[in-house]
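Chemist: Sharing input_3.cif (mmCIF, C-alpha atoms) below.
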data_coords
#
loop_
_atom_site.group_PDB
_atom_site.id
_atom_site.type_symbol
_atom_site.label_atom_id
_atom_site.label_comp_id
_atom_site.auth_asym_id
_atom_site.auth_seq_id
_atom_site.Cartn_x
_atom_site.Cartn_y
_atom_site.Cartn_z
ATOM 1 C CA MET P 635 -1.703 1.059 5.685
ATOM 2 C CA ALA P 636 1.613 2.784 5.028
ATOM 3 C CA TYR P 637 4.086 1.558 2.447
ATOM 4 C CA PRO P 638 7.608 2.905 1.921
ATOM 5 C CA GLY P 639 7.516 5.423 -0.898
ATOM 6 C CA TYR P 640 3.779 4.973 -1.305
ATOM 7 C CA GLY P 641 1.554 7.823 -2.389
ATOM 8 C CA ALA P 642 4.284 10.381 -2.898
ATOM 9 C CA GLY P 643 2.783 13.438 -4.490
ATOM 10 C CA PRO P 644 4.304 15.366 -7.362
ATOM 11 C CA GLY P 645 4.787 18.587 -5.324
ATOM 12 C CA GLY P 646 8.111 20.176 -4.590
ATOM 13 C CA ALA P 647 10.619 21.911 -6.841
ATOM 14 C CA PRO P 648 9.973 22.423 -10.541
ATOM 15 C CA ALA P 649 11.082 19.422 -12.572
ATOM 16 C CA GLN P 650 14.206 21.053 -14.009
ATOM 17 C CA GLN P 651 15.466 21.859 -10.507
ATOM 18 C CA ASP P 652 14.862 18.334 -9.220
ATOM 19 C CA PRO P 653 18.106 16.309 -9.096
ATOM 20 C CA LEU P 654 16.234 13.287 -10.523
ATOM 21 C CA TYR P 655 15.317 15.234 -13.642
ATOM 22 C CA GLY P 656 18.804 14.686 -15.079
ATOM 23 C CA TYR P 657 18.365 10.906 -15.050
ATOM 24 C CA PHE P 658 14.882 11.219 -16.486
ATOM 25 C CA SER P 659 15.651 13.742 -19.221
ATOM 26 C CA ALA P 660 18.727 11.810 -20.372
ATOM 27 C CA VAL P 661 16.442 9.061 -21.725
ATOM 28 C CA ALA P 662 13.058 10.774 -22.181
ATOM 29 C CA GLY P 663 12.067 11.461 -25.751
ATOM 30 C CA GLN P 664 10.620 14.643 -27.205
ATOM 31 C CA ASP P 665 7.292 13.754 -25.607
ATOM 32 C CA GLY P 666 8.763 13.898 -22.080
ATOM 33 C CA GLN P 667 7.849 10.258 -21.443
ATOM 34 C CA ILE P 668 9.956 7.146 -20.929
ATOM 35 C CA SER P 669 9.148 3.629 -22.050
ATOM 36 C CA ALA P 670 10.102 0.394 -20.300
ATOM 37 C CA ASP P 671 13.401 0.029 -22.164
ATOM 38 C CA GLU P 672 14.237 3.690 -21.493
ATOM 39 C CA LEU P 673 13.355 3.194 -17.825
ATOM 40 C CA GLN P 674 15.639 0.171 -17.692
ATOM 41 C CA ARG P 675 18.500 2.218 -19.179
ATOM 42 C CA CYS P 676 17.781 5.150 -16.859
ATOM 43 C CA LEU P 677 17.701 3.021 -13.712
ATOM 44 C CA THR P 678 20.871 1.194 -14.762
ATOM 45 C CA GLN P 679 22.702 4.468 -15.460
ATOM 46 C CA SER P 680 21.500 5.991 -12.181
ATOM 47 C CA GLY P 681 22.906 3.095 -10.174
ATOM 48 C CA ILE P 682 19.767 2.815 -8.027
ATOM 49 C CA SER P 683 20.117 -0.961 -7.989
ATOM 50 C CA GLY P 684 23.515 -0.518 -6.315
ATOM 51 C CA SER P 685 25.534 -3.719 -6.304
ATOM 52 C CA TYR P 686 22.473 -5.752 -7.312
ATOM 53 C CA GLN P 687 21.784 -6.848 -10.873
ATOM 54 C CA PRO P 688 20.126 -4.225 -13.107
ATOM 55 C CA PHE P 689 16.344 -4.388 -13.424
ATOM 56 C CA SER P 690 14.914 -6.700 -16.065
ATOM 57 C CA LEU P 691 12.743 -5.310 -18.837
ATOM 58 C CA ASP P 692 9.772 -7.201 -17.364
ATOM 59 C CA THR P 693 10.235 -5.498 -13.990
ATOM 60 C CA CYS P 694 10.482 -2.128 -15.734
ATOM 61 C CA ARG P 695 7.210 -2.822 -17.554
ATOM 62 C CA LEU P 696 5.603 -3.659 -14.206
ATOM 63 C CA MET P 697 6.904 -0.459 -12.643
ATOM 64 C CA ILE P 698 5.419 1.614 -15.456
ATOM 65 C CA SER P 699 2.067 -0.175 -15.304
ATOM 66 C CA MET P 700 1.886 0.398 -11.540
ATOM 67 C CA LEU P 701 1.911 4.174 -12.056
ATOM 68 C CA ASP P 702 0.502 4.468 -15.580
ATOM 69 C CA ARG P 703 -2.660 6.356 -14.673
ATOM 70 C CA ASP P 704 -3.286 7.564 -18.232
ATOM 71 C CA MET P 705 -2.685 4.058 -19.682
ATOM 72 C CA SER P 706 -0.094 5.422 -22.137
ATOM 73 C CA GLY P 707 2.415 2.625 -21.546
ATOM 74 C CA SER P 708 5.018 5.215 -20.593
ATOM 75 C CA MET P 709 5.968 7.345 -17.611
ATOM 76 C CA GLY P 710 6.204 11.107 -17.148
ATOM 77 C CA PHE P 711 8.503 12.835 -14.700
ATOM 78 C CA ALA P 712 6.011 13.035 -11.800
ATOM 79 C CA GLU P 713 5.406 9.276 -12.093
ATOM 80 C CA PHE P 714 9.168 8.694 -12.336
ATOM 81 C CA ARG P 715 9.758 10.665 -9.152
ATOM 82 C CA GLU P 716 7.067 8.625 -7.350
ATOM 83 C CA LEU P 717 8.661 5.418 -8.616
ATOM 84 C CA TRP P 718 12.104 6.586 -7.469
ATOM 85 C CA GLN P 719 10.810 7.126 -3.935
ATOM 86 C CA ALA P 720 9.142 3.698 -3.916
ATOM 87 C CA LEU P 721 12.314 2.057 -5.260
ATOM 88 C CA ASN P 722 14.401 3.644 -2.538
ATOM 89 C CA GLY P 723 11.976 2.362 0.092
ATOM 90 C CA TRP P 724 12.039 -1.147 -1.376
ATOM 91 C CA LYS P 725 15.827 -1.060 -1.676
ATOM 92 C CA ASN P 726 16.192 -0.060 1.985
ATOM 93 C CA THR P 727 13.740 -2.759 3.065
ATOM 94 C CA PHE P 728 15.534 -5.378 0.967
ATOM 95 C CA ALA P 729 18.971 -4.351 2.272
ATOM 96 C CA SER P 730 17.787 -4.557 5.875
ATOM 97 C CA PHE P 731 16.752 -8.200 5.365
ATOM 98 C CA ASP P 732 19.677 -9.227 3.134
ATOM 99 C CA ARG P 733 21.813 -9.594 6.243
ATOM 100 C CA ASP P 734 24.497 -11.717 4.585
ATOM 101 C CA HIS P 735 24.782 -9.222 1.676
ATOM 102 C CA SER P 736 24.271 -12.014 -0.857
ATOM 103 C CA GLY P 737 21.921 -9.947 -3.015
ATOM 104 C CA THR P 738 19.030 -12.246 -2.109
ATOM 105 C CA VAL P 739 16.561 -12.787 0.710
ATOM 106 C CA GLU P 740 15.317 -16.144 1.949
ATOM 107 C CA GLY P 741 11.677 -17.061 2.538
ATOM 108 C CA HIS P 742 11.514 -16.085 6.205
ATOM 109 C CA GLU P 743 13.262 -12.790 5.405
ATOM 110 C CA MET P 744 10.798 -12.174 2.589
ATOM 111 C CA GLN P 745 7.911 -12.749 4.997
ATOM 112 C CA GLN P 746 9.422 -10.238 7.424
ATOM 113 C CA ALA P 747 10.037 -7.708 4.638
ATOM 114 C CA ILE P 748 6.461 -7.978 3.376
ATOM 115 C CA THR P 749 5.147 -7.565 6.920
ATOM 116 C CA THR P 750 7.412 -4.523 7.380
ATOM 117 C CA MET P 751 5.842 -2.993 4.263
ATOM 118 C CA GLY P 752 2.414 -3.286 5.906
ATOM 119 C CA TYR P 753 1.032 -6.419 4.267
ATOM 120 C CA ASN P 754 -0.467 -9.233 6.307
ATOM 121 C CA LEU P 755 -0.453 -12.281 4.047
ATOM 122 C CA SER P 756 -1.488 -15.830 4.804
ATOM 123 C CA PRO P 757 1.049 -18.667 4.688
ATOM 124 C CA GLN P 758 -0.662 -19.818 1.469
ATOM 125 C CA ALA P 759 -0.155 -16.396 -0.158
ATOM 126 C CA MET P 760 3.491 -16.382 0.970
ATOM 127 C CA ASN P 761 3.918 -19.857 -0.503
ATOM 128 C CA CYS P 762 2.619 -18.525 -3.854
ATOM 129 C CA ILE P 763 5.078 -15.636 -3.682
ATOM 130 C CA MET P 764 7.974 -17.980 -2.966
ATOM 131 C CA LYS P 765 6.998 -20.277 -5.829
ATOM 132 C CA ARG P 766 6.762 -17.334 -8.222
ATOM 133 C CA TYR P 767 9.831 -15.314 -7.217
ATOM 134 C CA SER P 768 12.410 -17.551 -5.557
ATOM 135 C CA ILE P 769 15.305 -19.351 -7.125
ATOM 136 C CA HIS P 770 16.327 -22.252 -4.867
ATOM 137 C CA GLY P 771 14.529 -20.583 -1.938
ATOM 138 C CA ARG P 772 16.171 -17.186 -2.426
ATOM 139 C CA ILE P 773 14.717 -14.027 -3.982
ATOM 140 C CA PRO P 774 17.050 -11.619 -5.801
ATOM 141 C CA PHE P 775 16.528 -7.838 -5.630
ATOM 142 C CA ASP P 776 14.962 -7.526 -9.104
ATOM 143 C CA ASP P 777 12.346 -10.149 -8.216
ATOM 144 C CA PHE P 778 11.820 -8.533 -4.807
ATOM 145 C CA VAL P 779 10.996 -5.259 -6.563
ATOM 146 C CA SER P 780 8.769 -7.085 -9.048
ATOM 147 C CA CYS P 781 6.862 -8.683 -6.168
ATOM 148 C CA SER P 782 6.619 -5.341 -4.331
ATOM 149 C CA VAL P 783 5.255 -3.644 -7.454
ATOM 150 C CA ARG P 784 2.626 -6.344 -7.901
ATOM 151 C CA LEU P 785 1.603 -6.252 -4.243
ATOM 152 C CA ARG P 786 1.225 -2.487 -4.374
ATOM 153 C CA ALA P 787 -0.684 -2.481 -7.674
ATOM 154 C CA LEU P 788 -2.994 -5.335 -6.665
ATOM 155 C CA THR P 789 -3.640 -3.664 -3.314
ATOM 156 C CA ASP P 790 -4.503 -0.400 -5.106
ATOM 157 C CA GLN P 791 -6.942 -2.208 -7.387
ATOM 158 C CA PHE P 792 -8.485 -4.104 -4.481
ATOM 159 C CA ARG P 793 -8.906 -0.935 -2.419
ATOM 160 C CA ARG P 794 -10.784 0.741 -5.254
ATOM 161 C CA ARG P 795 -13.309 -2.071 -5.154
ATOM 162 C CA ASP P 796 -13.454 -2.501 -1.357
ATOM 163 C CA THR P 797 -15.404 0.711 -0.909
ATOM 164 C CA ASN P 798 -16.518 -0.156 2.641
ATOM 165 C CA GLN P 799 -12.979 -1.189 3.667
ATOM 166 C CA THR P 800 -14.163 -4.587 4.876
ATOM 167 C CA GLY P 801 -11.412 -6.642 3.265
ATOM 168 C CA SER P 802 -13.895 -7.938 0.717
ATOM 169 C CA ALA P 803 -14.537 -6.862 -2.858
ATOM 170 C CA SER P 804 -16.571 -8.071 -5.810
ATOM 171 C CA PHE P 805 -15.040 -8.484 -9.249
ATOM 172 C CA HIS P 806 -16.671 -9.381 -12.519
ATOM 173 C CA TYR P 807 -14.616 -11.925 -14.454
ATOM 174 C CA ASP P 808 -13.584 -9.452 -17.165
ATOM 175 C CA ASP P 809 -12.614 -6.882 -14.512
ATOM 176 C CA PHE P 810 -10.541 -9.491 -12.676
ATOM 177 C CA ILE P 811 -8.706 -10.410 -15.901
ATOM 178 C CA GLN P 812 -8.002 -6.764 -16.668
ATOM 179 C CA VAL P 813 -6.640 -6.133 -13.174
ATOM 180 C CA THR P 814 -4.392 -9.175 -13.050
ATOM 181 C CA MET P 815 -3.164 -8.911 -16.639
ATOM 182 C CA SER P 816 -2.284 -5.230 -16.329
ATOM 183 C CA ILE P 817 0.070 -5.931 -13.447
#
As structure tokens, what does this structure read like?
Modeler:
Amino acid sequence: MAYPGYGAGPGGAPAQQDPLYGYFSAVAGQDGQISADELQRCLTQSGISGSYQPFSLDTCRLMISMLDRDMSGSMGFAEFRELWQALNGWKNTFASFDRDHSGTVEGHEMQQAITTMGYNLSPQAMNCIMKRYSIHGRIPFDDFVSCSVRLRALTDQFRRRDTNQTGSASFHYDDFIQVTMSI
């Protein structure tokens, strides 16, 4: 399955030569890492959300947890660059389905967007998504990104356990709680 901005590797130019490094280094501490509140500030200053509302702190926490491979609760530059690519993919997908430029997508548009990203969800799963993310049947960009982050992270966790790629995986209760609570 291919997802916009998914699996981008850290290769390319050295960090200091990367145009994204300016955004990152403006908020990164001495440790070269950014926390959720620093990520929120960085993304707001960068303007990546465009005319949409800035990202909530909760969405920023989700974005960090999606890529936090060392479980530090923060994000280094390589992870930031991967996130940036994913965000651009999600922003382009969202914009293509926000046809009235309202800053929101409706349920049927959300279904189409999720399908475009490579997910094949049941009507019941889509109903859960709409209940969780919509406000009066419409999903704003921040919540769209939050949903996209969760779908990606849950899919990653599922794939790790579906070793035979059958669409079926076994979870112990504690493992299930850890997976769902970390996302």
Chemist: Decode the PyMOL selection byres ((chain P and resi 748) around 12) for the given file into explicit residues and return them as a PyMOL selection string.
Modeler: chain P and resi 636-638+724+727-728+731+739+741-747+749-756+759-760+763-764+778-779+781-783+785-786
Chemist: How many Å lie between CA of Asp776 in chain P and CA of Met705 in chain P, rounded to one decimal?
Modeler: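 Taking CA of Asp776 in chain P and CA of Met705 in chain P, their separation equals 23.6 Å.
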Chemist: The PyMOL selection byres ((chain P and resi 660-675) around 7) on the file shown: which residues, as a tab-separated table (two decimals) with C-alpha atoms, in the frame of the given file?
Modeler:
chain	number	residue	atom	x	y	z
P	656	GLY	CA	18.80	14.69	-15.08
P	657	TYR	CA	18.36	10.91	-15.05
P	658	PHE	CA	14.88	11.22	-16.49
P	659	SER	CA	15.65	13.74	-19.22
P	676	CYS	CA	17.78	5.15	-16.86
P	677	LEU	CA	17.70	3.02	-13.71
P	678	THR	CA	20.87	1.19	-14.76
P	679	GLN	CA	22.70	4.47	-15.46
P	689	PHE	CA	16.34	-4.39	-13.42
P	691	LEU	CA	12.74	-5.31	-18.84
P	694	CYS	CA	10.48	-2.13	-15.73
P	695	ARG	CA	7.21	-2.82	-17.55
P	698	ILE	CA	5.42	1.61	-15.46
P	707	GLY	CA	2.42	2.62	-21.55
P	708	SER	CA	5.02	5.22	-20.59
P	709	MET	CA	5.97	7.34	-17.61
P	710	GLY	CA	6.20	11.11	-17.15
Chemist: Which one of P:Pro774, P:Pro653, P:Gly723, P:Pro688 sits closest to Phe711 in chain P if you count all atoms listed in the file?
Modeler: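 Of P:Pro774, P:Pro653, P:Gly723, P:Pro688, the one nearest Phe711 in chain P, counting all atoms listed in the file, is P:Pro653.
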Chemist: Which residues fall under the PyMOL selection byres ((chain P and resi 805) around 12) in this file, as a tab-separated table (two decimals) with C-alpha atoms, in the coordinates of the input?
Modeler:
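The resulting out_18.tsv:
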chain	number	residue	atom	x	y	z
P	791	GLN	CA	-6.94	-2.21	-7.39
P	792	PHE	CA	-8.48	-4.10	-4.48
P	793	ARG	CA	-8.91	-0.94	-2.42
P	794	ARG	CA	-10.78	0.74	-5.25
P	795	ARG	CA	-13.31	-2.07	-5.15
P	796	ASP	CA	-13.45	-2.50	-1.36
P	802	SER	CA	-13.90	-7.94	0.72
P	803	ALA	CA	-14.54	-6.86	-2.86
P	804	SER	CA	-16.57	-8.07	-5.81
P	806	HIS	CA	-16.67	-9.38	-12.52
P	807	TYR	CA	-14.62	-11.92	-14.45
P	808	ASP	CA	-13.58	-9.45	-17.16
P	809	ASP	CA	-12.61	-6.88	-14.51
P	810	PHE	CA	-10.54	-9.49	-12.68
P	811	ILE	CA	-8.71	-10.41	-15.90
P	812	GLN	CA	-8.00	-6.76	-16.67
P	813	VAL	CA	-6.64	-6.13	-13.17
P	814	THR	CA	-4.39	-9.18	-13.05
